[in-house]
file my_file-v3.txt (compact mmCIF, C-alpha atoms and all ligand atoms)
# COMPACT_ATOMS: atom_id res chain seq x y z
CA MET Y 18 -30.08 -57.88 166.05
CA LEU Y 19 -30.11 -54.50 167.79
CA GLN Y 20 -31.19 -51.77 165.39
CA LEU Y 21 -30.80 -48.02 165.67
CA ILE Y 22 -33.47 -45.92 167.39
CA LYS Y 23 -36.61 -45.13 165.38
CA GLY Y 24 -36.27 -41.79 163.61
CA PHE Y 25 -32.47 -41.85 163.91
CA LYS Y 26 -30.26 -42.39 160.90
CA ASP Y 27 -26.78 -43.61 160.04
CA ILE Y 28 -24.93 -41.39 157.63
CA LEU Y 29 -23.17 -44.00 155.54
CA PRO Y 30 -19.87 -43.27 153.73
CA GLU Y 31 -21.43 -42.31 150.38
CA GLU Y 32 -23.76 -39.82 152.13
CA ALA Y 33 -21.03 -38.61 154.47
CA ARG Y 34 -19.03 -37.57 151.41
CA VAL Y 35 -21.95 -35.35 150.36
CA TRP Y 36 -22.27 -33.99 153.91
CA ARG Y 37 -18.60 -33.12 154.10
CA HIS Y 38 -18.83 -31.31 150.77
CA ILE Y 39 -21.82 -29.30 152.05
CA GLU Y 40 -20.19 -28.54 155.39
CA SER Y 41 -16.92 -27.40 153.91
CA THR Y 42 -18.67 -25.30 151.25
CA ALA Y 43 -20.76 -23.68 154.02
CA ALA Y 44 -17.74 -23.05 156.25
CA GLY Y 45 -15.89 -21.41 153.33
CA ILE Y 46 -18.79 -19.15 152.35
CA PHE Y 47 -19.60 -18.26 155.97
CA ALA Y 48 -15.97 -17.21 156.51
CA ASP Y 49 -16.24 -14.92 153.46
CA PHE Y 50 -19.32 -13.33 155.06
CA GLY Y 51 -17.47 -12.78 158.35
CA PHE Y 52 -18.92 -15.63 160.44
CA SER Y 53 -16.86 -17.58 163.01
CA GLU Y 54 -17.59 -21.05 164.28
CA ILE Y 55 -19.01 -21.78 167.74
CA ARG Y 56 -19.70 -25.27 169.14
CA PRO Y 57 -22.21 -25.35 171.98
CA PRO Y 58 -23.01 -28.67 173.70
CA VAL Y 59 -25.89 -30.90 172.58
CA MET Y 60 -27.56 -30.86 176.01
CA GLU Y 61 -28.81 -27.84 177.91
CA LYS Y 62 -31.08 -27.21 180.88
CA ALA Y 63 -34.68 -27.81 179.79
CA ALA Y 64 -35.67 -24.33 180.96
CA LEU Y 65 -33.53 -22.72 178.22
CA PHE Y 66 -35.70 -24.15 175.46
CA GLN Y 67 -38.98 -23.79 177.35
CA LYS Y 68 -38.27 -20.09 177.81
CA SER Y 69 -36.93 -19.33 174.33
CA ILE Y 70 -38.89 -21.56 171.93
CA GLY Y 71 -42.10 -21.05 173.93
CA GLU Y 72 -44.19 -23.27 176.24
CA HIS Y 73 -47.05 -23.53 173.75
CA THR Y 74 -45.13 -24.64 170.67
CA ASP Y 75 -45.18 -28.18 169.26
CA ILE Y 76 -41.46 -28.49 169.95
CA VAL Y 77 -41.77 -27.78 173.68
CA GLU Y 78 -45.19 -29.37 174.19
CA LYS Y 79 -44.59 -32.63 172.37
CA GLU Y 80 -41.18 -33.08 170.83
CA MET Y 81 -38.34 -32.48 173.27
CA TYR Y 82 -36.18 -35.27 174.65
CA THR Y 83 -36.23 -34.06 178.24
CA PHE Y 84 -35.20 -36.21 181.17
CA ALA Y 85 -33.99 -35.93 184.74
CA ASP Y 86 -30.29 -36.65 185.10
CA ARG Y 87 -29.02 -38.47 188.17
CA THR Y 88 -29.29 -35.43 190.41
CA GLY Y 89 -32.80 -34.69 189.22
CA ASP Y 90 -31.87 -31.67 187.03
CA MET Y 91 -34.10 -31.50 183.96
CA ILE Y 92 -31.93 -31.78 180.87
CA THR Y 93 -32.93 -31.53 177.19
CA LEU Y 94 -31.24 -32.80 174.06
CA ARG Y 95 -31.29 -29.57 172.05
CA PRO Y 96 -34.13 -29.31 169.53
CA GLU Y 97 -32.39 -26.34 167.87
CA ALA Y 98 -29.22 -24.30 168.27
CA THR Y 99 -30.31 -20.66 168.46
CA ALA Y 100 -31.12 -20.76 172.18
CA SER Y 101 -27.72 -22.32 172.94
CA VAL Y 102 -25.85 -19.73 170.86
CA VAL Y 103 -27.69 -16.94 172.69
CA ARG Y 104 -26.96 -18.57 176.05
CA ALA Y 105 -23.25 -18.76 175.16
CA TYR Y 106 -23.28 -15.10 173.96
CA ILE Y 107 -24.67 -14.06 177.33
CA GLN Y 108 -22.75 -16.49 179.56
CA HIS Y 109 -19.33 -15.65 178.07
CA LYS Y 110 -20.16 -11.95 177.64
CA LEU Y 111 -19.29 -12.20 173.97
CA TYR Y 112 -20.97 -8.80 173.62
CA ALA Y 113 -18.51 -7.12 176.03
CA GLY Y 114 -15.97 -5.73 173.53
CA ASP Y 115 -18.27 -5.42 170.55
CA PRO Y 116 -21.90 -6.57 170.70
CA VAL Y 117 -21.70 -7.65 167.05
CA GLN Y 118 -21.02 -11.38 166.79
CA LYS Y 119 -21.54 -13.38 163.62
CA LEU Y 120 -21.49 -17.05 164.53
CA PHE Y 121 -22.18 -20.36 162.85
CA THR Y 122 -22.51 -23.89 164.14
CA ILE Y 123 -23.17 -27.28 162.57
CA GLY Y 124 -24.45 -30.28 164.49
CA PRO Y 125 -27.20 -32.67 165.55
CA MET Y 126 -30.60 -31.59 166.91
CA PHE Y 127 -33.30 -33.78 168.45
CA ARG Y 128 -37.07 -33.58 168.08
CA ARG Y 129 -39.42 -36.45 168.79
CA GLU Y 130 -41.55 -35.86 165.71
CA ARG Y 131 -43.38 -38.50 163.70
CA PRO Y 132 -40.59 -39.86 161.47
CA GLN Y 133 -41.07 -39.79 157.71
CA LYS Y 134 -38.93 -39.10 154.67
CA GLY Y 135 -37.00 -35.89 155.38
CA ARG Y 136 -38.13 -35.80 158.99
CA TYR Y 137 -35.99 -37.44 161.65
CA ARG Y 138 -35.75 -37.48 165.42
CA GLN Y 139 -32.04 -36.80 165.25
CA PHE Y 140 -31.33 -34.42 162.40
CA HIS Y 141 -28.57 -31.93 161.67
CA GLN Y 142 -28.59 -28.23 161.09
CA ILE Y 143 -26.21 -25.66 159.70
CA ASN Y 144 -26.97 -22.56 161.78
CA ALA Y 145 -25.88 -18.99 161.30
CA GLU Y 146 -26.65 -16.30 163.85
CA ALA Y 147 -25.78 -12.59 163.70
CA LEU Y 148 -26.14 -10.85 167.05
CA GLY Y 149 -25.99 -7.16 167.90
CA ILE Y 150 -27.19 -5.58 164.63
CA SER Y 151 -30.66 -4.17 164.07
CA ALA Y 152 -30.04 -2.54 160.68
CA PRO Y 153 -31.85 -4.26 157.79
CA TYR Y 154 -28.48 -4.63 156.02
CA ILE Y 155 -27.73 -7.68 158.15
CA ASP Y 156 -31.10 -9.26 157.27
CA ALA Y 157 -30.18 -8.89 153.62
CA GLN Y 158 -26.59 -10.05 154.06
CA LEU Y 159 -27.67 -13.14 156.00
CA ILE Y 160 -30.29 -14.08 153.40
CA LEU Y 161 -27.74 -13.48 150.64
CA MET Y 162 -25.32 -15.81 152.45
CA LEU Y 163 -27.97 -18.54 152.64
CA MET Y 164 -28.92 -18.18 148.98
CA THR Y 165 -25.23 -18.05 147.94
CA LEU Y 166 -24.64 -21.37 149.69
CA LEU Y 167 -27.66 -22.97 148.02
CA ASP Y 168 -26.54 -21.57 144.68
CA ARG Y 169 -22.95 -22.84 145.17
CA LEU Y 170 -24.44 -26.28 145.92
CA LEU Y 171 -26.35 -26.05 142.62
CA ILE Y 172 -29.79 -26.01 144.26
CA ASN Y 173 -31.68 -24.36 141.42
CA ASP Y 174 -35.27 -24.29 142.67
CA ALA Y 175 -34.82 -22.67 146.08
CA ASN Y 176 -37.83 -20.49 146.83
CA LEU Y 177 -37.45 -17.77 149.42
CA HIS Y 178 -40.59 -16.98 151.46
CA LEU Y 179 -40.56 -13.79 153.46
CA ASN Y 180 -42.76 -12.28 156.16
CA SER Y 181 -42.60 -9.89 159.09
CA LEU Y 182 -43.91 -10.83 162.52
CA GLY Y 183 -43.71 -7.33 163.99
CA CYS Y 184 -42.58 -6.59 167.52
CA ARG Y 185 -43.97 -6.33 171.04
CA GLU Y 186 -45.50 -2.95 170.10
CA CYS Y 187 -47.56 -4.04 167.12
CA ARG Y 188 -48.07 -7.78 167.57
CA PRO Y 189 -50.73 -7.49 170.34
CA ASP Y 190 -53.12 -5.66 167.95
CA PHE Y 191 -52.59 -8.34 165.34
CA LYS Y 192 -53.09 -11.08 167.93
CA SER Y 193 -56.41 -9.70 169.10
CA ALA Y 194 -57.63 -9.29 165.50
CA LEU Y 195 -56.53 -12.87 164.83
CA VAL Y 196 -58.26 -14.24 167.93
CA GLY Y 197 -61.48 -12.41 166.90
CA PHE Y 198 -61.23 -13.99 163.46
CA LEU Y 199 -60.45 -17.46 164.85
CA LYS Y 200 -63.42 -17.30 167.24
CA SER Y 201 -65.68 -16.78 164.23
CA LYS Y 202 -64.19 -19.95 162.65
CA GLN Y 203 -63.98 -22.03 165.81
CA SER Y 204 -66.31 -24.80 164.64
CA ALA Y 205 -64.04 -25.50 161.64
CA LEU Y 206 -60.81 -25.74 163.69
CA CYS Y 207 -59.19 -28.89 165.04
CA ALA Y 208 -59.16 -29.51 168.79
CA ASP Y 209 -55.48 -28.50 169.02
CA CYS Y 210 -56.18 -25.17 167.32
CA VAL Y 211 -59.17 -24.42 169.55
CA ARG Y 212 -56.80 -24.88 172.48
CA ARG Y 213 -54.04 -22.82 170.79
CA MET Y 214 -56.47 -20.02 169.97
CA ASP Y 215 -56.27 -18.47 173.44
CA ARG Y 216 -52.78 -19.53 174.49
CA ASN Y 217 -50.83 -18.96 171.28
CA PRO Y 218 -53.10 -17.94 168.38
CA LEU Y 219 -50.24 -17.50 165.85
CA ARG Y 220 -49.65 -21.25 166.00
CA VAL Y 221 -53.10 -21.80 164.44
CA LEU Y 222 -51.74 -20.32 161.18
CA ASP Y 223 -49.01 -22.95 161.27
CA CYS Y 224 -51.41 -25.91 161.68
CA LYS Y 225 -51.03 -28.54 158.95
CA VAL Y 226 -54.63 -29.85 159.23
CA GLU Y 227 -56.43 -29.18 155.95
CA GLY Y 228 -59.66 -27.96 157.62
CA CYS Y 229 -57.71 -25.42 159.70
CA ARG Y 230 -55.76 -24.21 156.68
CA ASN Y 231 -58.97 -23.65 154.72
CA ALA Y 232 -60.72 -21.96 157.64
CA THR Y 233 -57.83 -19.55 158.12
CA ALA Y 234 -57.24 -18.76 154.45
CA ASP Y 235 -58.53 -15.20 154.95
CA ALA Y 236 -57.09 -14.66 158.41
CA PRO Y 237 -55.70 -11.20 159.17
CA ALA Y 238 -52.03 -10.77 158.18
CA MET Y 239 -49.34 -9.39 160.49
CA THR Y 240 -48.00 -7.23 157.68
CA ASP Y 241 -51.25 -5.20 157.84
CA PHE Y 242 -50.63 -4.42 161.51
CA LEU Y 243 -46.94 -3.46 161.50
CA CYS Y 244 -45.99 -0.34 163.48
CA ASN Y 245 -44.05 2.34 161.60
CA ASP Y 246 -40.64 1.08 162.69
CA CYS Y 247 -41.40 -2.53 161.76
CA ARG Y 248 -42.91 -1.44 158.45
CA ASP Y 249 -39.85 0.67 157.61
CA HIS Y 250 -37.59 -2.23 158.54
CA PHE Y 251 -39.52 -4.69 156.38
CA ASN Y 252 -39.60 -2.31 153.42
CA ALA Y 253 -35.88 -1.71 153.76
CA VAL Y 254 -35.15 -5.46 153.77
CA ILE Y 255 -37.28 -5.89 150.67
CA ALA Y 256 -35.52 -3.01 148.89
CA LEU Y 257 -32.12 -4.47 149.76
CA LEU Y 258 -33.10 -7.94 148.51
CA ASP Y 259 -34.37 -6.33 145.30
CA GLY Y 260 -31.05 -4.50 144.98
CA LEU Y 261 -29.19 -7.80 145.37
CA GLY Y 262 -31.36 -9.39 142.70
CA LEU Y 263 -32.75 -11.99 145.12
CA ALA Y 264 -36.25 -13.24 144.29
CA TYR Y 265 -38.74 -13.87 147.12
CA ASP Y 266 -42.46 -14.38 147.80
CA ILE Y 267 -44.14 -12.48 150.59
CA ASP Y 268 -45.88 -15.20 152.58
CA LYS Y 269 -48.33 -13.59 154.99
CA ARG Y 270 -49.26 -16.87 156.65
CA MET Y 271 -45.73 -17.84 157.58
CA VAL Y 272 -45.43 -17.63 161.38
CA ARG Y 273 -42.59 -20.16 161.96
CA GLY Y 274 -42.79 -22.84 164.64
CA LEU Y 275 -40.83 -21.06 167.39
CA ASP Y 276 -42.08 -18.17 169.52
CA TYR Y 277 -38.96 -16.00 169.69
CA TYR Y 278 -39.31 -14.42 166.27
CA THR Y 279 -39.81 -10.71 165.65
CA ARG Y 280 -39.85 -8.73 162.39
CA THR Y 281 -38.20 -10.47 159.42
CA THR Y 282 -38.90 -14.20 159.10
CA PHE Y 283 -38.10 -16.41 156.15
CA GLU Y 284 -38.10 -19.96 154.87
CA VAL Y 285 -36.58 -21.61 151.84
CA GLN Y 286 -38.69 -24.27 150.16
CA THR Y 287 -37.90 -26.63 147.32
CA GLY Y 288 -40.05 -28.84 145.12
CA LYS Y 289 -37.53 -31.68 145.21
CA LEU Y 290 -38.33 -33.14 148.63
CA GLY Y 291 -42.01 -34.04 148.70
CA ALA Y 292 -43.92 -33.18 151.88
CA GLN Y 293 -40.95 -31.90 153.90
CA SER Y 294 -40.21 -29.04 151.55
CA ALA Y 295 -38.52 -26.58 153.93
CA ILE Y 296 -34.75 -26.75 153.64
CA ALA Y 297 -34.09 -23.70 155.76
CA GLY Y 298 -35.87 -21.31 158.09
CA GLY Y 299 -34.97 -18.31 160.16
CA GLY Y 300 -35.63 -14.78 161.16
CA ARG Y 301 -35.06 -12.01 163.68
CA TYR Y 302 -35.26 -12.60 167.39
CA ASP Y 303 -34.67 -9.08 168.69
CA GLU Y 304 -36.05 -9.76 172.16
CA LEU Y 305 -34.48 -13.13 172.94
CA VAL Y 306 -31.05 -12.05 174.22
CA ASN Y 307 -32.67 -9.74 176.73
CA MET Y 308 -35.36 -12.27 177.63
CA LEU Y 309 -32.69 -14.85 178.51
CA GLY Y 310 -30.97 -12.39 180.86
CA GLY Y 311 -28.54 -10.66 178.49
CA PRO Y 312 -28.25 -7.09 177.26
CA ASP Y 313 -30.87 -5.61 174.96
CA GLN Y 314 -29.28 -6.76 171.70
CA PRO Y 315 -31.11 -7.62 168.49
CA ALA Y 316 -30.29 -10.74 166.45
CA ILE Y 317 -31.17 -12.67 163.33
CA GLY Y 318 -30.30 -16.15 162.09
CA PHE Y 319 -31.26 -19.20 160.10
CA ALA Y 320 -30.87 -22.96 160.13
CA ILE Y 321 -30.60 -25.30 157.18
CA GLY Y 322 -31.71 -28.94 157.50
CA LEU Y 323 -28.66 -30.97 156.46
CA GLU Y 324 -30.50 -34.24 155.73
CA ARG Y 325 -32.85 -32.42 153.37
CA LEU Y 326 -30.10 -30.41 151.72
CA ALA Y 327 -27.89 -33.50 151.32
CA GLU Y 328 -30.75 -35.35 149.66
CA ILE Y 329 -30.98 -32.70 146.94
CA VAL Y 330 -27.24 -32.23 146.57
CA ALA Y 331 -26.91 -36.00 146.05
CA GLN Y 332 -29.68 -35.87 143.40
CA GLU Y 333 -27.85 -33.07 141.61
CA GLU Y 334 -24.61 -35.06 141.61
CA ALA Y 335 -22.96 -31.82 142.58
CA VAL Y 336 -20.26 -33.38 144.73
CA PRO Y 337 -16.77 -33.37 143.27
CA ALA Y 338 -15.15 -36.80 143.12
CA THR Y 339 -12.74 -37.52 145.94
CA GLY Y 340 -9.03 -38.10 145.30
CA GLY Y 341 -9.12 -41.89 145.11
CA VAL Y 342 -6.31 -44.35 145.66
CA ASP Y 343 -2.92 -43.24 144.29
CA LEU Y 344 -1.23 -46.62 144.50
CA PHE Y 345 -2.38 -50.16 145.15
CA ILE Y 346 0.43 -52.53 146.09
CA ALA Y 347 -0.25 -56.10 145.02
CA ALA Y 348 2.13 -58.29 147.01
CA LEU Y 349 2.64 -62.02 146.55
CA GLY Y 350 4.12 -63.92 149.47
CA GLU Y 351 4.81 -62.88 153.05
CA LYS Y 352 8.21 -61.26 152.34
CA SER Y 353 6.73 -59.01 149.66
CA ARG Y 354 3.80 -58.22 151.93
CA GLU Y 355 6.20 -57.00 154.62
CA LYS Y 356 7.86 -54.69 152.09
CA ALA Y 357 4.49 -53.57 150.73
CA PHE Y 358 3.34 -52.73 154.24
CA ALA Y 359 6.40 -50.54 154.88
CA TRP Y 360 5.99 -48.71 151.53
CA MET Y 361 2.27 -48.25 152.07
CA CYS Y 362 2.82 -46.77 155.56
CA GLU Y 363 5.55 -44.45 154.26
CA LEU Y 364 3.25 -43.18 151.49
CA ASN Y 365 0.24 -42.83 153.85
CA LYS Y 366 2.35 -40.77 156.27
CA SER Y 367 3.51 -38.55 153.41
CA GLY Y 368 -0.01 -37.68 152.26
CA PHE Y 369 -0.64 -40.26 149.53
CA CYS Y 370 -3.45 -42.76 149.47
CA ALA Y 371 -1.81 -46.17 149.20
CA GLU Y 372 -3.62 -49.47 149.78
CA MET Y 373 -2.77 -53.18 149.82
CA ALA Y 374 -4.39 -56.51 150.60
CA PHE Y 375 -3.55 -57.37 154.20
CA GLU Y 376 -4.05 -61.11 153.75
CA ASP Y 377 -2.74 -63.65 151.25
CA ARG Y 378 -4.67 -63.20 147.98
CA SER Y 379 -4.10 -64.24 144.39
CA LEU Y 380 -2.76 -61.64 141.95
CA LYS Y 381 -6.08 -61.73 140.12
CA SER Y 382 -8.07 -60.92 143.22
CA GLN Y 383 -5.64 -58.16 144.21
CA MET Y 384 -5.94 -56.56 140.75
CA LYS Y 385 -9.72 -56.73 141.11
CA MET Y 386 -9.36 -54.91 144.41
CA ALA Y 387 -7.20 -52.25 142.75
CA ASN Y 388 -9.90 -51.75 140.11
CA ARG Y 389 -12.67 -51.56 142.70
CA LEU Y 390 -10.73 -48.86 144.54
CA SER Y 391 -10.14 -47.02 141.24
CA ALA Y 392 -6.42 -47.01 141.96
CA ALA Y 393 -4.40 -44.80 139.62
CA HIS Y 394 -1.40 -47.15 139.76
CA ALA Y 395 -0.71 -50.69 140.87
CA LEU Y 396 2.68 -51.96 142.02
CA ILE Y 397 3.24 -55.69 141.62
CA VAL Y 398 5.86 -57.38 143.74
CA GLY Y 399 6.59 -61.07 144.44
CA ASP Y 400 9.58 -63.26 145.18
CA ALA Y 401 10.94 -62.90 141.62
CA GLU Y 402 10.80 -59.11 141.83
CA LEU Y 403 12.50 -59.10 145.24
CA GLU Y 404 15.19 -61.28 143.71
CA SER Y 405 15.75 -59.05 140.64
CA GLY Y 406 15.37 -55.80 142.60
CA GLN Y 407 12.79 -54.52 140.09
CA ALA Y 408 9.01 -54.33 140.73
CA GLN Y 409 6.32 -53.78 138.09
CA LEU Y 410 4.43 -50.49 138.13
CA ARG Y 411 1.21 -50.41 136.14
CA ASN Y 412 -0.70 -47.32 135.11
CA MET Y 413 -4.25 -48.58 135.59
CA ALA Y 414 -5.78 -46.22 133.04
CA THR Y 415 -3.35 -46.76 130.14
CA LYS Y 416 -2.29 -50.29 131.22
CA ASP Y 417 1.32 -49.23 130.55
CA GLN Y 418 3.74 -51.18 132.70
CA GLN Y 419 7.27 -50.18 133.68
CA GLU Y 420 9.98 -51.57 135.91
CA ILE Y 421 10.88 -49.67 139.02
CA ALA Y 422 13.83 -50.25 141.36
CA ILE Y 423 12.89 -51.69 144.74
CA SER Y 424 15.69 -49.88 146.54
CA ASN Y 425 14.36 -46.46 147.59
CA LEU Y 426 10.98 -47.39 146.09
CA ALA Y 427 8.79 -45.23 148.34
CA GLU Y 428 10.83 -42.12 147.45
CA THR Y 429 10.63 -42.87 143.70
CA ILE Y 430 6.86 -43.36 143.93
CA LYS Y 431 6.42 -40.15 145.95
CA GLN Y 432 8.33 -38.18 143.32
CA MET Y 433 6.33 -39.74 140.52
CA LEU Y 434 2.98 -39.03 142.25
CA ASN Y 435 4.05 -35.48 143.04
CA ASN Y 436 4.95 -34.92 139.37
CA ASN Y 437 1.52 -36.24 138.36
CA LYS Y 438 -0.33 -33.87 140.70
P1 LIG I 501 -36.72 -24.67 162.11
O1 LIG I 501 -37.57 -24.11 161.03
O2 LIG I 501 -37.40 -25.36 163.23
O3 LIG I 501 -35.86 -23.45 162.66
O4 LIG I 501 -35.64 -25.65 161.50
C1 LIG I 501 -34.81 -25.26 160.42
C2 LIG I 501 -34.68 -26.38 159.40
O5 LIG I 501 -34.26 -27.59 160.06
C3 LIG I 501 -35.98 -26.77 158.71
O6 LIG I 501 -36.25 -25.91 157.63
C4 LIG I 501 -35.64 -28.19 158.24
O7 LIG I 501 -34.92 -28.15 157.04
C5 LIG I 501 -34.76 -28.72 159.35
N1 LIG I 501 -35.53 -29.58 160.25
C6 LIG I 501 -36.33 -29.21 161.27
N2 LIG I 501 -36.86 -30.29 161.87
C7 LIG I 501 -36.40 -31.37 161.22
C8 LIG I 501 -36.57 -32.80 161.35
N3 LIG I 501 -37.31 -33.32 162.32
N4 LIG I 501 -35.92 -33.62 160.49
C9 LIG I 501 -35.15 -33.11 159.52
N5 LIG I 501 -34.94 -31.78 159.34
C10 LIG I 501 -35.55 -30.92 160.17
C11 LIG I 501 -34.97 -23.53 163.69
O8 LIG I 501 -34.60 -24.55 164.18
C12 LIG I 501 -34.43 -22.18 164.10
N6 LIG I 501 -33.50 -22.38 165.22
C13 LIG I 501 -33.74 -21.49 162.94
C14 LIG I 501 -33.16 -20.17 163.33
C15 LIG I 501 -31.86 -19.89 163.55
N7 LIG I 501 -33.85 -19.06 163.52
C16 LIG I 501 -33.02 -18.09 163.87
N8 LIG I 501 -31.82 -18.60 163.92
call {"tool": "encode", "arguments": {"input": "my_file-v3.txt", "output": "structure tokens"}}
result
Amino acid sequence: MLQLIKGFKDILPEEARVWRHIESTAAGIFADFGFSEIRPPVMEKAALFQKSIGEHTDIVEKEMYTFADRTGDMITLRPEATASVVRAYIQHKLYAGDPVQKLFTIGPMFRRERPQKGRYRQFHQINAEALGISAPYIDAQLILMLMTLLDRLLINDANLHLNSLGCRECRPDFKSALVGFLKSKQSALCADCVRRMDRNPLRVLDCKVEGCRNATADAPAMTDFLCNDCRDHFNAVIALLDGLGLAYDIDKRMVRGLDYYTRTTFEVQTGKLGAQSAIAGGGRYDELVNMLGGPDQPAIGFAIGLERLAEIVAQEEAVPATGGVDLFIAALGEKSREKAFAWMCELNKSGFCAEMAFEDRSLKSQMKMANRLSAAHALIVGDAELESGQAQLRNMATKDQQEIAISNLAETIKQMLNNNK
């Protein structure tokens, strides 16, 4: 039998219910915070991600699904959404009237990582991006929006980690201090990190190899090298978060896995997921819009991993029960089935969930079906009922049964269900 691709995942109905709950909760909260939806495509030119995420990141070096299409253009299945949102902002001149754009998008991303629990090759993100604002207020508002969503979804152990990665003014000093430090620890670093040391030294701080983590425990921290503007910005963000009553840990090692970040960066971790503990990550990317050919506009955003979030939300049983079946029509004989079909369709069209057995089944098996579907009511109709003009309506919870006239039945049922709402 053909199976799905390794690292890919079917979202089965029970999970999809959780996903829909998360997505609609997010869309509602994001609207309250002034964010509009944008839907970029899942494929882009490879160069977009190489330029924005950075040539010497794991994503670009090892994880992208990049291939030549039939004309030889190099195409990539997007590993993240930020670059696409920025491309759309520039391409459609969304900045023309007002540079401020608060956008969100939900959809699949693709990274050819080693699959494990919580880590997939196709995964989904809820992204929010605020472009055109440099004031620290937006950093705080965006983080508040993320934490409000997690709170609304009853995630009670979300830990916010915060850092600043400075800007093009102050980062070079930090980088050279870091390279000096790493050179002194070279013998303890893995081969990848020795290579990264010259090309992209910040990535060494992100290495998961135990030896590298130990060797870099006392590495210089970016926060000690911030220029005055970056320091003021970081302090202002912290003061605003304090004012909002949001708890956070300053995490000086956190460099994030993508190269476009500047200033504020953050991640949200939880203890409920095992090794893949990051449910969300984000930060400022003040230089990216300009770097991709757009105006000099700052930006900040985050992405939540939907698979990871859904796993916790399902554990918390925080998803409200869905409506369920309003009426199950148990029909006996072909004539009754024809009637049942017409009533069912009429109710379905009018916004009620009605179900029936499509094939010939015994009454017992149809009642079992009604129970399995948790139907609120069952209507029983056979030749005798057609003859007498009265069907039996059973309230499945109380087991009360009443007669109901077959003529105009769909209307009577609609009225009854409406009254029960
Ligand atoms: P990221 O940290 O690479 O950031 O991904 C954000 C979240 O996506 C992670 O915290 C995790 O929950 C989820 N995630 C990442 N990779 C996988 C995977 N292979 N399987 C399952 N879940 C995964 C970004 O992607 C940035 N674009 C975020 C951002 C938006 N920064 C600014 N704006």
call {"tool": "residues_near_ligand", "arguments": {"input": "my_file-v3.txt", "ligand": "ligand LIG 501 (chain I)", "cutoff": "8 Å", "atoms": "only C-alpha atoms and all ligand atoms", "output": "number ranges by chain"}}
result
Y: 96-100, 127-130, 132, 135-142, 144-146, 273-275, 278, 284-285, 293-302, 317-326
call {"tool": "closest_residue", "arguments": {"input": "my_file-v3.txt", "among": "Y:Arg389, Y:His394, Y:Arg248, Y:Arg213", "to": "Y:Glu78", "atoms": "only C-alpha atoms"}}
result
Y:Arg213
call {"tool": "residues_near_point", "arguments": {"input": "my_file-v3.txt", "point": "(9.7, -44.1, 149.2)", "cutoff": "10 Å", "atoms": "only C-alpha atoms", "output": "number ranges by chain"}}
result
Y: 359-364, 367, 423-432
call {"tool": "atom_distance", "arguments": {"input": "my_file-v3.txt", "atom1": "atom CA of Y:Asp215", "atom2": "atom CA of Y:Arg185"}}
result
17.4 Å
call {"tool": "residues_around", "arguments": {"input": "my_file-v3.txt", "residues": "Y:Tyr106", "least_positions_apart": "2", "cutoff": "12 Å", "atoms": "only C-alpha atoms", "output": "PyMOL selection string"}}
result
chain Y and resi 55-57+99-104+108-120+146-149+305-307+309-312+314+316
call {"tool": "closest_residue", "arguments": {"input": "my_file-v3.txt", "among": "Y:Ala401, Y:Ala208, Y:Ala347, Y:Ala371", "to": "Y:Val226", "atoms": "only C-alpha atoms"}}
result
Y:Ala208
call {"tool": "axis_aligned_box", "arguments": {"input": "my_file-v3.txt", "around": "stretch 118-122 of chain Y", "padding_each_side": "6 Å", "output": "lines of an AutoDock Vina configuration file"}}
result
center_x = -21.8
center_y = -17.6
center_z = 164.8
size_x = 13.5
size_y = 24.5
size_z = 15.9
call {"tool": "atom_distance", "arguments": {"input": "my_file-v3.txt", "atom1": "atom CA of Y:Asn388", "atom2": "atom CA of Y:Ala408"}}
result
19.1 Å
call {"tool": "residues_around", "arguments": {"input": "my_file-v3.txt", "residues": "Y:Phe251", "least_positions_apart": "5", "cutoff": "12 Å", "atoms": "all atoms listed in the file", "output": "PyMOL selection string"}}
result
chain Y and resi 151-154+156-157+179-184+239-241+243-246+256-258+267+279-283+300-301
call {"tool": "closest_residue", "arguments": {"input": "my_file-v3.txt", "among": "Y:Met91, Y:Ala395, Y:Met308, Y:Leu261", "to": "Y:Ala374", "atoms": "only C-alpha atoms"}}
result
Y:Ala395
